[in-house]
Structure formats: structure tokens, C-alpha cells
$ cat model_29.txt   # compact mmCIF, C-alpha atoms and all ligand atoms
# COMPACT_ATOMS: atom_id res chain seq x y z
CA MET A 1 63.69 52.67 296.05
CA ALA A 2 66.76 51.40 294.23
CA ASN A 3 68.49 49.71 297.13
CA ARG A 4 65.51 47.95 298.74
CA VAL A 5 65.94 44.18 298.61
CA PHE A 6 63.30 41.48 298.18
CA ASN A 7 63.04 40.53 301.83
CA PHE A 8 62.02 36.92 302.44
CA ASN A 9 62.87 37.06 306.15
CA PRO A 10 60.67 34.75 308.25
CA GLY A 11 60.10 37.27 311.04
CA PRO A 12 60.54 40.09 311.74
CA SER A 13 59.87 40.52 308.08
CA THR A 14 59.18 42.84 305.22
CA LEU A 15 56.74 45.73 305.63
CA PRO A 16 54.95 47.60 302.84
CA LEU A 17 57.16 50.37 301.49
CA GLU A 18 54.10 52.64 301.42
CA VAL A 19 53.72 52.15 305.17
CA LEU A 20 57.39 52.80 305.91
CA GLU A 21 57.18 56.01 303.90
CA ILE A 22 54.23 57.22 305.97
CA VAL A 23 56.09 56.37 309.18
CA GLN A 24 59.11 58.29 307.91
CA LYS A 25 57.02 61.29 306.94
CA GLU A 26 55.19 61.37 310.28
CA MET A 27 58.21 60.62 312.41
CA LEU A 28 59.29 64.09 313.52
CA ASP A 29 55.92 65.79 313.62
CA TYR A 30 52.93 63.50 313.99
CA ARG A 31 50.00 65.32 312.39
CA GLY A 32 50.90 68.78 313.66
CA THR A 33 51.63 67.82 317.26
CA GLY A 34 55.25 68.91 316.90
CA MET A 35 56.45 65.55 318.17
CA SER A 36 56.62 61.93 317.17
CA ILE A 37 53.84 59.54 318.13
CA ILE A 38 56.37 57.64 320.27
CA GLU A 39 56.95 60.78 322.28
CA SER A 40 53.24 61.31 322.93
CA SER A 41 51.19 60.12 325.86
CA HIS A 42 49.33 56.87 325.33
CA ARG A 43 46.37 58.76 326.88
CA SER A 44 46.53 61.48 324.20
CA ALA A 45 43.74 62.03 321.68
CA GLU A 46 46.19 61.07 318.91
CA TYR A 47 46.99 57.68 320.39
CA GLU A 48 43.38 57.04 321.30
CA GLU A 49 42.51 57.53 317.64
CA ILE A 50 45.23 55.08 316.59
CA ASN A 51 44.14 52.47 319.13
CA ASN A 52 40.46 52.76 318.19
CA SER A 53 41.14 52.76 314.45
CA ALA A 54 43.44 49.77 314.67
CA MET A 55 40.77 47.81 316.56
CA ALA A 56 38.01 48.86 314.18
CA LEU A 57 40.09 48.09 311.07
CA CYS A 58 41.00 44.70 312.45
CA ARG A 59 37.31 43.89 312.97
CA GLU A 60 36.37 45.19 309.56
CA ILE A 61 39.15 43.48 307.59
CA LEU A 62 38.93 40.14 309.37
CA GLY A 63 35.13 40.23 309.27
CA LEU A 64 34.69 39.92 313.03
CA GLY A 65 31.34 40.41 314.71
CA ASP A 66 30.71 42.89 317.54
CA ASN A 67 31.09 40.00 319.96
CA TYR A 68 34.89 40.00 319.51
CA HIS A 69 37.38 42.11 321.45
CA VAL A 70 40.65 43.07 319.81
CA LEU A 71 43.61 43.50 322.17
CA PHE A 72 47.14 44.78 321.58
CA LEU A 73 49.52 43.27 324.10
CA GLY A 74 53.25 43.01 324.70
CA GLY A 75 55.28 39.88 325.36
CA GLY A 76 55.08 38.28 321.93
CA ALA A 77 53.00 35.31 320.88
CA SER A 78 55.15 33.28 323.28
CA THR A 79 53.53 34.95 326.30
CA GLN A 80 50.16 33.83 324.96
CA PHE A 81 51.37 30.23 325.24
CA ALA A 82 51.18 30.73 329.03
CA MET A 83 48.35 33.27 329.28
CA ILE A 84 45.90 30.93 327.56
CA PRO A 85 46.17 28.07 330.08
CA MET A 86 46.38 30.57 332.96
CA ASN A 87 43.08 32.07 331.93
CA PHE A 88 41.23 29.01 330.65
CA LEU A 89 42.67 25.79 332.04
CA ALA A 90 41.04 25.34 335.43
CA SER A 91 42.25 22.58 337.71
CA GLY A 92 40.48 19.30 337.07
CA ARG A 93 40.01 20.23 333.39
CA LYS A 94 42.03 19.15 330.36
CA ALA A 95 43.29 21.28 327.49
CA ALA A 96 43.67 19.69 324.05
CA TYR A 97 46.52 20.60 321.70
CA ILE A 98 47.47 19.59 318.18
CA ASP A 99 51.22 19.35 317.71
CA THR A 100 52.23 20.45 314.22
CA GLY A 101 55.72 21.79 314.89
CA THR A 102 58.05 23.94 316.93
CA TRP A 103 55.55 26.61 317.93
CA SER A 104 52.80 24.15 318.87
CA SER A 105 55.33 22.20 320.94
CA LYS A 106 56.28 25.35 322.80
CA ALA A 107 52.61 26.14 323.46
CA ILE A 108 52.14 22.61 324.80
CA LYS A 109 55.16 22.89 327.06
CA GLU A 110 53.78 26.05 328.69
CA ALA A 111 50.33 24.54 329.17
CA GLN A 112 51.88 21.47 330.82
CA LEU A 113 53.46 23.74 333.41
CA LEU A 114 50.01 24.98 334.34
CA GLY A 115 47.65 22.04 334.00
CA GLU A 116 46.70 18.84 332.24
CA VAL A 117 47.22 18.59 328.50
CA VAL A 118 45.93 15.97 326.06
CA LEU A 119 47.46 15.58 322.63
CA ALA A 120 44.52 15.66 320.21
CA ALA A 121 46.73 14.85 317.20
CA SER A 122 50.35 15.15 316.14
CA SER A 123 52.52 14.84 313.06
CA LYS A 124 55.74 14.73 315.07
CA GLU A 125 56.57 11.13 314.10
CA ALA A 126 56.50 12.20 310.44
CA ALA A 127 58.85 15.17 311.00
CA TYR A 128 55.76 17.42 310.97
CA LYS A 129 55.37 17.15 307.22
CA PHE A 130 51.57 17.26 307.28
CA ILE A 131 48.60 18.70 309.11
CA PRO A 132 46.68 15.85 310.78
CA LYS A 133 43.46 14.82 309.07
CA MET A 134 40.35 16.27 310.67
CA SER A 135 39.10 12.71 311.27
CA ASP A 136 42.28 11.86 313.24
CA ILE A 137 41.78 14.64 315.79
CA LYS A 138 40.55 13.23 319.11
CA TYR A 139 39.94 15.03 322.38
CA PRO A 140 37.54 14.87 325.32
CA ALA A 141 34.14 16.48 324.71
CA ASP A 142 34.58 18.49 327.91
CA ALA A 143 38.08 19.82 327.08
CA ALA A 144 38.65 23.41 328.23
CA TYR A 145 39.71 24.25 324.66
CA LEU A 146 41.45 22.91 321.56
CA HIS A 147 44.61 24.76 320.52
CA VAL A 148 45.90 24.74 316.94
CA THR A 149 48.69 26.57 315.08
CA SER A 150 47.26 27.63 311.72
CA ASN A 151 50.58 28.08 309.93
CA ASN A 152 53.77 26.33 310.90
CA THR A 153 56.35 28.95 310.13
CA ILE A 154 59.37 26.67 310.51
CA LYS A 155 58.06 23.42 309.01
CA GLY A 156 56.10 24.97 306.13
CA THR A 157 52.64 23.50 306.69
CA GLN A 158 49.28 25.24 307.02
CA TYR A 159 45.72 24.29 307.88
CA HIS A 160 43.40 24.64 304.90
CA GLN A 161 40.44 23.46 306.96
CA PHE A 162 39.85 23.77 310.68
CA PRO A 163 38.25 21.26 313.06
CA ASP A 164 34.60 21.76 313.87
CA THR A 165 34.85 21.59 317.65
CA GLY A 166 31.20 21.90 318.55
CA GLY A 167 31.03 23.14 322.11
CA VAL A 168 34.80 23.02 322.74
CA PRO A 169 36.37 26.48 322.30
CA LEU A 170 38.83 26.65 319.41
CA ILE A 171 42.00 28.67 320.03
CA CYS A 172 44.45 29.45 317.24
CA ASP A 173 47.98 30.79 316.99
CA MET A 174 47.81 32.69 313.68
CA SER A 175 51.13 34.48 314.10
CA SER A 176 52.39 33.71 310.62
CA ASP A 177 49.24 33.76 308.49
CA ILE A 178 46.81 36.21 310.05
CA ALA A 179 45.09 38.43 307.47
CA SER A 180 46.67 36.55 304.57
CA ARG A 181 43.50 34.91 303.21
CA LYS A 182 39.75 35.05 303.53
CA LEU A 183 38.65 32.91 306.48
CA ASP A 184 35.44 32.63 308.43
CA LEU A 185 36.68 33.35 311.94
CA SER A 186 33.30 32.96 313.65
CA GLY A 187 34.21 29.48 314.85
CA PHE A 188 37.26 30.68 316.80
CA SER A 189 36.97 31.62 320.47
CA LEU A 190 40.43 33.15 320.65
CA ILE A 191 43.04 34.02 318.02
CA TYR A 192 46.46 35.46 318.69
CA ALA A 193 49.31 36.62 316.50
CA GLY A 194 52.66 38.29 317.00
CA ALA A 195 52.61 41.22 314.59
CA GLN A 196 56.08 40.79 313.15
CA LYS A 197 55.15 38.48 310.27
CA ASN A 198 52.02 39.79 308.61
CA LEU A 199 50.89 42.85 310.53
CA GLY A 200 53.70 45.11 311.63
CA PRO A 201 56.87 45.27 313.70
CA ALA A 202 57.92 43.08 316.61
CA GLY A 203 56.70 44.13 320.04
CA VAL A 204 52.95 43.93 319.68
CA THR A 205 50.75 40.85 319.78
CA MET A 206 47.18 40.93 318.61
CA VAL A 207 44.65 38.92 320.58
CA ILE A 208 41.10 38.48 319.32
CA ILE A 209 38.72 37.06 321.88
CA ARG A 210 35.01 36.32 321.71
CA ASP A 211 32.68 37.53 324.47
CA ASP A 212 31.64 34.07 325.62
CA MET A 213 35.30 33.02 325.94
CA LEU A 214 36.25 36.16 327.83
CA ALA A 215 33.45 35.41 330.29
CA LYS A 216 35.12 32.07 331.02
CA ALA A 217 38.50 33.62 331.93
CA ARG A 218 39.61 32.92 335.46
CA GLU A 219 39.43 35.62 338.13
CA GLY A 220 42.24 36.36 340.57
CA LEU A 221 45.13 36.27 338.12
CA PRO A 222 47.96 38.81 338.21
CA THR A 223 46.44 41.89 336.59
CA MET A 224 48.68 42.00 333.51
CA LEU A 225 48.13 38.31 332.76
CA SER A 226 44.35 38.51 332.77
CA TYR A 227 42.53 38.96 329.45
CA LYS A 228 39.71 40.65 331.32
CA THR A 229 42.01 43.52 332.32
CA HIS A 230 43.04 44.26 328.76
CA ALA A 231 39.55 43.86 327.34
CA THR A 232 38.00 46.14 329.98
CA GLU A 233 40.74 48.75 329.58
CA LYS A 234 40.81 48.54 325.74
CA SER A 235 44.52 47.64 325.83
CA LEU A 236 45.30 50.78 327.84
CA TYR A 237 45.70 49.34 331.33
CA ASN A 238 49.41 50.03 331.14
CA THR A 239 51.57 51.68 328.48
CA PRO A 240 50.87 49.70 325.31
CA PRO A 241 53.46 49.09 322.55
CA VAL A 242 52.53 52.44 321.01
CA PHE A 243 54.84 52.40 318.00
CA GLY A 244 53.87 48.85 317.10
CA VAL A 245 50.14 49.54 317.28
CA TYR A 246 50.60 52.66 315.16
CA ILE A 247 52.32 50.63 312.43
CA VAL A 248 49.75 47.83 312.69
CA LYS A 249 47.09 50.46 312.04
CA LEU A 250 48.95 51.64 308.94
CA VAL A 251 49.40 48.06 307.70
CA LEU A 252 45.67 47.41 308.16
CA GLU A 253 44.90 50.58 306.18
CA TRP A 254 47.28 49.32 303.49
CA ILE A 255 45.42 45.97 303.38
CA LYS A 256 42.10 47.79 303.08
CA LYS A 257 43.43 49.97 300.29
CA HIS A 258 44.58 46.87 298.40
CA GLY A 259 41.16 45.24 298.38
CA GLY A 260 40.99 43.81 301.90
CA LEU A 261 41.45 40.09 302.33
CA ASP A 262 40.01 39.35 298.87
CA GLY A 263 42.74 41.45 297.28
CA ILE A 264 45.48 40.15 299.56
CA GLU A 265 44.49 36.51 299.08
CA LYS A 266 44.49 36.90 295.31
CA ILE A 267 48.08 38.18 295.36
CA ASN A 268 49.19 35.63 297.96
CA ARG A 269 47.85 32.79 295.80
CA GLN A 270 49.84 34.03 292.81
CA LYS A 271 52.97 34.35 294.95
CA LYS A 272 52.88 30.83 296.34
CA ASP A 273 51.91 29.39 292.94
CA ALA A 274 54.95 31.06 291.35
CA ILE A 275 57.28 29.17 293.70
CA TYR A 276 55.40 25.87 293.98
CA ASN A 277 55.08 25.70 290.18
CA VAL A 278 58.87 25.72 289.85
CA MET A 279 59.14 23.05 292.54
CA ASP A 280 56.47 20.88 290.89
CA ALA A 281 58.15 21.22 287.50
CA HIS A 282 61.49 20.04 288.96
CA PRO A 283 60.64 17.86 291.97
CA ASP A 284 64.02 16.08 291.94
CA TYR A 285 65.89 19.35 292.17
CA TYR A 286 63.64 21.54 294.32
CA ARG A 287 62.43 19.02 296.86
CA GLY A 288 59.47 20.16 298.91
CA THR A 289 59.65 18.92 302.49
CA VAL A 290 55.92 18.71 303.23
CA GLU A 291 52.90 16.91 301.81
CA LYS A 292 51.14 18.80 299.04
CA ASP A 293 47.76 19.15 300.69
CA SER A 294 49.39 20.66 303.79
CA ARG A 295 51.58 23.17 301.98
CA SER A 296 51.87 26.63 303.48
CA TRP A 297 51.22 29.70 301.37
CA MET A 298 53.34 31.76 303.71
CA ASN A 299 56.50 29.70 304.32
CA ILE A 300 57.65 27.35 301.59
CA THR A 301 60.25 24.83 302.74
CA LEU A 302 62.46 22.90 300.36
CA ARG A 303 65.78 21.14 299.94
CA LEU A 304 68.21 21.09 297.03
CA PRO A 305 70.13 17.97 295.97
CA SER A 306 73.02 18.80 298.34
CA GLU A 307 73.89 21.11 301.23
CA ASP A 308 76.63 22.66 299.11
CA LEU A 309 74.08 23.60 296.48
CA GLU A 310 71.84 25.04 299.18
CA LYS A 311 74.69 27.24 300.41
CA LYS A 312 75.44 28.36 296.88
CA PHE A 313 71.75 29.05 296.24
CA ILE A 314 71.46 31.22 299.34
CA ALA A 315 74.68 33.13 298.55
CA GLU A 316 73.79 33.79 294.91
CA ALA A 317 70.25 34.72 295.82
CA LYS A 318 71.59 37.23 298.32
CA ALA A 319 73.87 38.73 295.70
CA ALA A 320 70.78 39.11 293.49
CA LYS A 321 68.98 40.93 296.35
CA PHE A 322 66.76 38.06 297.52
CA ILE A 323 67.50 37.87 301.19
CA GLY A 324 66.33 35.73 304.13
CA LEU A 325 66.01 32.39 302.31
CA LYS A 326 67.93 30.17 304.70
CA GLY A 327 65.82 27.51 306.39
CA HIS A 328 65.38 27.63 310.18
CA ARG A 329 68.48 26.38 311.99
CA SER A 330 66.50 23.39 313.31
CA VAL A 331 65.59 22.08 309.82
CA GLY A 332 68.13 23.49 307.34
CA GLY A 333 67.45 23.82 303.61
CA ILE A 334 65.63 26.76 302.08
CA ARG A 335 62.59 28.63 303.35
CA VAL A 336 60.76 31.13 301.17
CA SER A 337 58.57 33.36 303.34
CA LEU A 338 55.88 35.12 301.34
CA TYR A 339 54.10 37.30 303.87
CA ASN A 340 51.54 39.89 302.79
CA ALA A 341 54.02 42.71 302.26
CA LEU A 342 56.33 40.71 299.98
CA PRO A 343 55.46 42.02 296.51
CA LEU A 344 54.26 39.67 293.76
CA GLU A 345 57.22 40.84 291.69
CA GLY A 346 59.56 39.45 294.36
CA ALA A 347 58.02 35.97 294.16
CA ARG A 348 58.02 36.02 290.34
CA LYS A 349 61.63 37.14 290.16
CA LEU A 350 62.69 34.51 292.67
CA ALA A 351 60.92 31.85 290.59
CA GLU A 352 62.94 32.98 287.55
CA PHE A 353 66.10 32.92 289.62
CA MET A 354 65.30 29.34 290.66
CA GLU A 355 64.94 28.24 287.03
CA THR A 356 68.22 29.88 286.06
CA PHE A 357 70.08 28.55 289.08
CA MET A 358 68.96 25.02 288.34
CA LYS A 359 70.07 25.19 284.70
CA LYS A 360 73.49 26.45 285.73
CA ASN A 361 73.94 23.93 288.52
CA THR A 362 72.83 20.52 287.26
C1 LIG B 401 57.01 33.61 315.29
C2 LIG B 401 55.97 32.75 315.88
C3 LIG B 401 55.75 32.70 317.27
C4 LIG B 401 56.61 33.42 318.27
O1 LIG B 401 56.32 34.76 318.34
P1 LIG B 401 57.07 35.72 319.39
O2 LIG B 401 56.36 37.00 319.12
O3 LIG B 401 58.51 35.71 319.03
O4 LIG B 401 56.84 35.20 320.76
C5 LIG B 401 54.72 31.90 317.73
N1 LIG B 401 53.95 31.18 316.90
C6 LIG B 401 54.15 31.19 315.56
C7 LIG B 401 53.27 30.38 314.67
C8 LIG B 401 55.16 31.98 315.02
O5 LIG B 401 55.36 31.99 313.69
$ encode --input "model_29.txt" --output "C-alpha cells"
Amino acid sequence: MANRVFNFNPGPSTLPLEVLEIVQKEMLDYRGTGMSIIESSHRSAEYEEINNSAMALCREILGLGDNYHVLFLGGGASTQFAMIPMNFLASGRKAAYIDTGTWSSKAIKEAQLLGEVVLAASSKEAAYKFIPKMSDIKYPADAAYLHVTSNNTIKGTQYHQFPDTGGVPLICDMSSDIASRKLDLSGFSLIYAGAQKNLGPAGVTMVIIRDDMLAKAREGLPTMLSYKTHATEKSLYNTPPVFGVYIVKLVLEWIKKHGGLDGIEKINRQKKDAIYNVMDAHPDYYRGTVEKDSRSWMNITLRLPSEDLEKKFIAEAKAAKFIGLKGHRSVGGIRVSLYNALPLEGARKLAEFMETFMKKNT
């Protein structure tokens, strides 16, 4: 496709061209039904197949045991910030949170509206430039759960090891790195992710919840805000985000076709190395904003020697068809988002562009 750009948008973000082509092909007549899937009933056999396949593929690709439920909900990851304490933070209990940036802070703010929160660790004083050391994480042994944000989309840090919480349930916001690397998820009680970074379009949020955690969910909540409702009804209590789930299913099939998480991780490592290698070769020019051992593979944050150069970099990159490189408005600078669907060629070409830009502008 001649006029497709290399899309480094942080979210919503690039989707595999192969997936978009299937969507386009199936748009007017979904598999002989004479209508689009978004015109079909969510109780139809066609949608049931999509819902079941998406759940099964998610289990298979992420390596989840039968003791996990996969849910497809609306409301974005941000609704999960509130649903989690609603369901799991009983009065008299404490919920532990690690603050590693904007999204963790928002999760904490919602939990504080609903109950008592303890800060288990934070890198706020250091402008969130690292993930706290495992040995610095402290929380009560009877905490209702520990909440972490695996990849900090705005700040550019990522956990490369997770706390061993023993009997305390571990909950993780994986919105910006789900299905991007091989991880043993058996230690997580609940994982959630807005689809719009690594899995599909905006409008659907995946929630993965283990049986023993689901059993702990509070009764008597408003029906739509209870995990038990959605688990019992297999995400069909109300009209689900049909189009989003359909595309998530196609993206999961695409991941499977490209070698599952082994294949995806291999490519993702090459992508992030392409960019970090340029930064490490010219650390005075391309200045990484986070500590090396906390670097994200998904969102690389950096500064140039001046804001004028950053503006020029973004403008010239855009002219060369690399779009979406501006840092989040709260931090400035450059952010290179390398989600699953961003092709290796895009990262390699951007690395070349960085070398050339530096030579021309020093
Ligand atoms: C994007 C993002 C969110 C917010 O997701 P919404 O679907 O917009 O609510 C939450 N957490 C992380 C880590 C994110 O990257």
C-alpha cells in the first residue's frame, strides 16, 4: 500500500495491514450473511463464534490455564480503575498500589474514592524515570491486592520482573504491552488492557481474571460493574463492543500466524534495539529520559538537545511518513511507540532517519 505511513501513534495505534484488509473484505457481506458483522445480532451464531474464538485465542496465545476467564468489556481501561476497587476493596481492607506514572496515578485516584489505599512504592520523586526495585516494594501482608502498571505508556518505563506477592493477589494494567512478549501470567489474579494499543481498536477492554479472584468479588454491585456478571454471561450480558471484539479476534489470529508470542517478542526485541542502539551510540544527542534497566520496549521516550530541534525532528519525520512521534503533552520530547503491529521495517527506517537527522543538525 503505497500511501500507508509508518504509524508510531501511542494509542489508538497502528493495526496489521493484513487485518485491515480482512475487515475491508468482510465489511459488506460477513461470510455469506449478506450483511456486515456490525449489523448482526450479538446473539447470532456468527458473533458467538467470534466471541468464543477470541476468548480461546487469547487463552492459547497468552498461555492461560482453564482457571482464567477472558472478558470483553466497554468503558476503556479507565473504567477498570474503578471496577477493581469496587469489586475487591472491601471496607476495613487496604489496597496496595505502585505509582509509576500517569496511568498508575489515575488508578490510585479512583481507588481512593472507594476505599483505603497504601502506596507500596513510587518513582514519582524521580519524575517516574525508573520502575521501583522489587526489594523497595512494601505493603501489608493482608492487602486486598497489589496493583501495578506493566508498561508506562507516557513515561517510557516497563517492568522486566514482577513482584512475587505470595498470598496477595497481583493485578496488572497491561494496556500498552499485553501480548508483546512471552510472560508467565500464572502469578496474576487479574489483568486488564484497553485494546487500542496492542490488540485492536478503541472501544473494547480485555479483562483476564482467575477463578479464585472472581470468587472474591463483592456481591450486590450494580450489574454492569460486577465482574461476576460478565464472567457468568461470557461478556454477553448486554450488547458487547461487537466490532472491537471482531478485530481483536483477527489480531490474535495474526499473532498466532506470526509465531505467537515467541515470534512477536523476537520482532519486538529487534525493533526496540534498532532505536535504543542509535540512542546509545549518541547519548548526548538522543537523550533517553529513563534509566536503562527500566526501559520500555513499547514506548521509547527521549529528548533532543533543544525544543527547536525536537520540533524540526517531528516535522521532518512526518514528511518522511513517520507519524505520531511527539511526546505526550505532559512530558514533551519524542516518543517512539513500537506496538506489535508496527513493522520491523518501520523501526529500522526510523533508526536510519535518526542517524541522518543528527548528522545534518549538529
Ligand atoms: C492508554 C492507557 C490507559 C487508558 O485506556 P482507556 O482505554 O483510554 O481508558 C490506561 N492504562 C495504560 C497503561 C494505558 O496505556
$ residues_near_ligand --input "model_29.txt" --ligand "ligand LIG 401 (chain B)" --cutoff "7 Å" --atoms "only C-alpha atoms and all ligand atoms" --output "list of chain:residue names"
A:Gly11, A:Gly75, A:Gly76, A:Ala77, A:Ser78, A:Thr79, A:Trp103, A:Thr149, A:Asn151, A:Asn152, A:Thr153, A:Asp173, A:Met174, A:Ser175, A:Ser176, A:Gly194, A:Ala202, A:Thr205
$ closest_residue --input "model_29.txt" --among "A:Val118, A:Ala179, A:Lys326, A:Lys311" --to "Gly263 in chain A" --atoms "all atoms listed in the file"
A:Ala179
$ closest_residue --input "model_29.txt" --among "A:Ala347, A:Pro132, A:Leu252, A:Tyr159" --to "Glu18 in chain A" --atoms "only C-alpha atoms"
A:Leu252
$ closest_residue --input "model_29.txt" --among "A:Asn277, A:Asn7, A:Gln158, A:Gln270" --to "Glu355 in chain A" --atoms "only C-alpha atoms"
A:Asn277
$ atom_distance --input "model_29.txt" --atom1 "CA of Phe88 in chain A" --atom2 "CA of Gly74 in chain A"
19.4 Å
$ closest_residue --input "model_29.txt" --among "A:Leu199, A:Val19, A:Ile154, A:Ala351" --to "Arg335 in chain A" --atoms "all atoms listed in the file"
A:Ile154
$ closest_residue --input "model_29.txt" --among "A:Pro222, A:Ser104, A:Met86, A:Ile61" --to "His258 in chain A" --atoms "all atoms listed in the file"
A:Ile61
$ residues_near_point --input "model_29.txt" --point "(42.3, 33.6, 307.4)" --cutoff "10 Å" --atoms "only C-alpha atoms" --output "JSON list (two decimals) with C-alpha atoms, keeping the file's coordinate frame"
[["chain", "number", "residue", "atom", "x", "y", "z"],
["A", 62, "LEU", "CA", 38.93, 40.14, 309.37],
["A", 63, "GLY", "CA", 35.13, 40.23, 309.27],
["A", 150, "SER", "CA", 47.26, 27.63, 311.72],
["A", 159, "TYR", "CA", 45.72, 24.29, 307.88],
["A", 160, "HIS", "CA", 43.40, 24.64, 304.90],
["A", 174, "MET", "CA", 47.81, 32.69, 313.68],
["A", 177, "ASP", "CA", 49.24, 33.76, 308.49],
["A", 178, "ILE", "CA", 46.81, 36.21, 310.05],
["A", 179, "ALA", "CA", 45.09, 38.43, 307.47],
["A", 180, "SER", "CA", 46.67, 36.55, 304.57],
["A", 181, "ARG", "CA", 43.50, 34.91, 303.21],
["A", 182, "LYS", "CA", 39.75, 35.05, 303.53],
["A", 183, "LEU", "CA", 38.65, 32.91, 306.48],
["A", 184, "ASP", "CA", 35.44, 32.63, 308.43],
["A", 185, "LEU", "CA", 36.68, 33.35, 311.94],
["A", 261, "LEU", "CA", 41.45, 40.09, 302.33],
["A", 265, "GLU", "CA", 44.49, 36.51, 299.08]]
$ closest_residue --input "model_29.txt" --among "A:Ile50, A:Ile98, A:Leu236, A:Leu221" --to "Leu73 in chain A" --atoms "only C-alpha atoms"
A:Leu236
$ residues_near_point --input "model_29.txt" --point "(57.0, 32.8, 302.8)" --cutoff "9 Å" --atoms "all atoms listed in the file" --output "list in words"
Phe8, Asn9, Pro10, Thr153, Gly156, Lys271, Lys272, Ser296, Trp297, Met298, Asn299, Ile300, Thr301, Arg335, Val336, Ser337, Leu338, Tyr339, Asn340 and Leu342 of chain A
$ atom_distance --input "model_29.txt" --atom1 "CA of Ala195 in chain A" --atom2 "CA of Lys133 in chain A"
28.5 Å
$ residues_around --input "model_29.txt" --residues "Leu89 in chain A" --least-positions-apart "2" --cutoff "10 Å" --atoms "all atoms listed in the file" --output "list of chain:residue names"
A:Met83, A:Ile84, A:Pro85, A:Met86, A:Asn87, A:Ser91, A:Gly92, A:Arg93, A:Lys94, A:Ala95, A:Ala111, A:Leu114, A:Gly115, A:Glu116, A:Val117, A:Ala143, A:Ala144, A:Tyr145, A:Lys216, A:Ala217, A:Arg218
$ atom_distance --input "model_29.txt" --atom1 "CA of Met206 in chain A" --atom2 "CA of Leu15 in chain A"
16.8 Å
$ axis_aligned_box --input "model_29.txt" --around "range 143-161 of chain A" --padding-each-side "5 Å" --output "JSON"
{"center_x": 48.7, "center_y": 24.4, "center_z": 316.6, "size_x": 31.3, "size_y": 19.1, "size_z": 33.3}
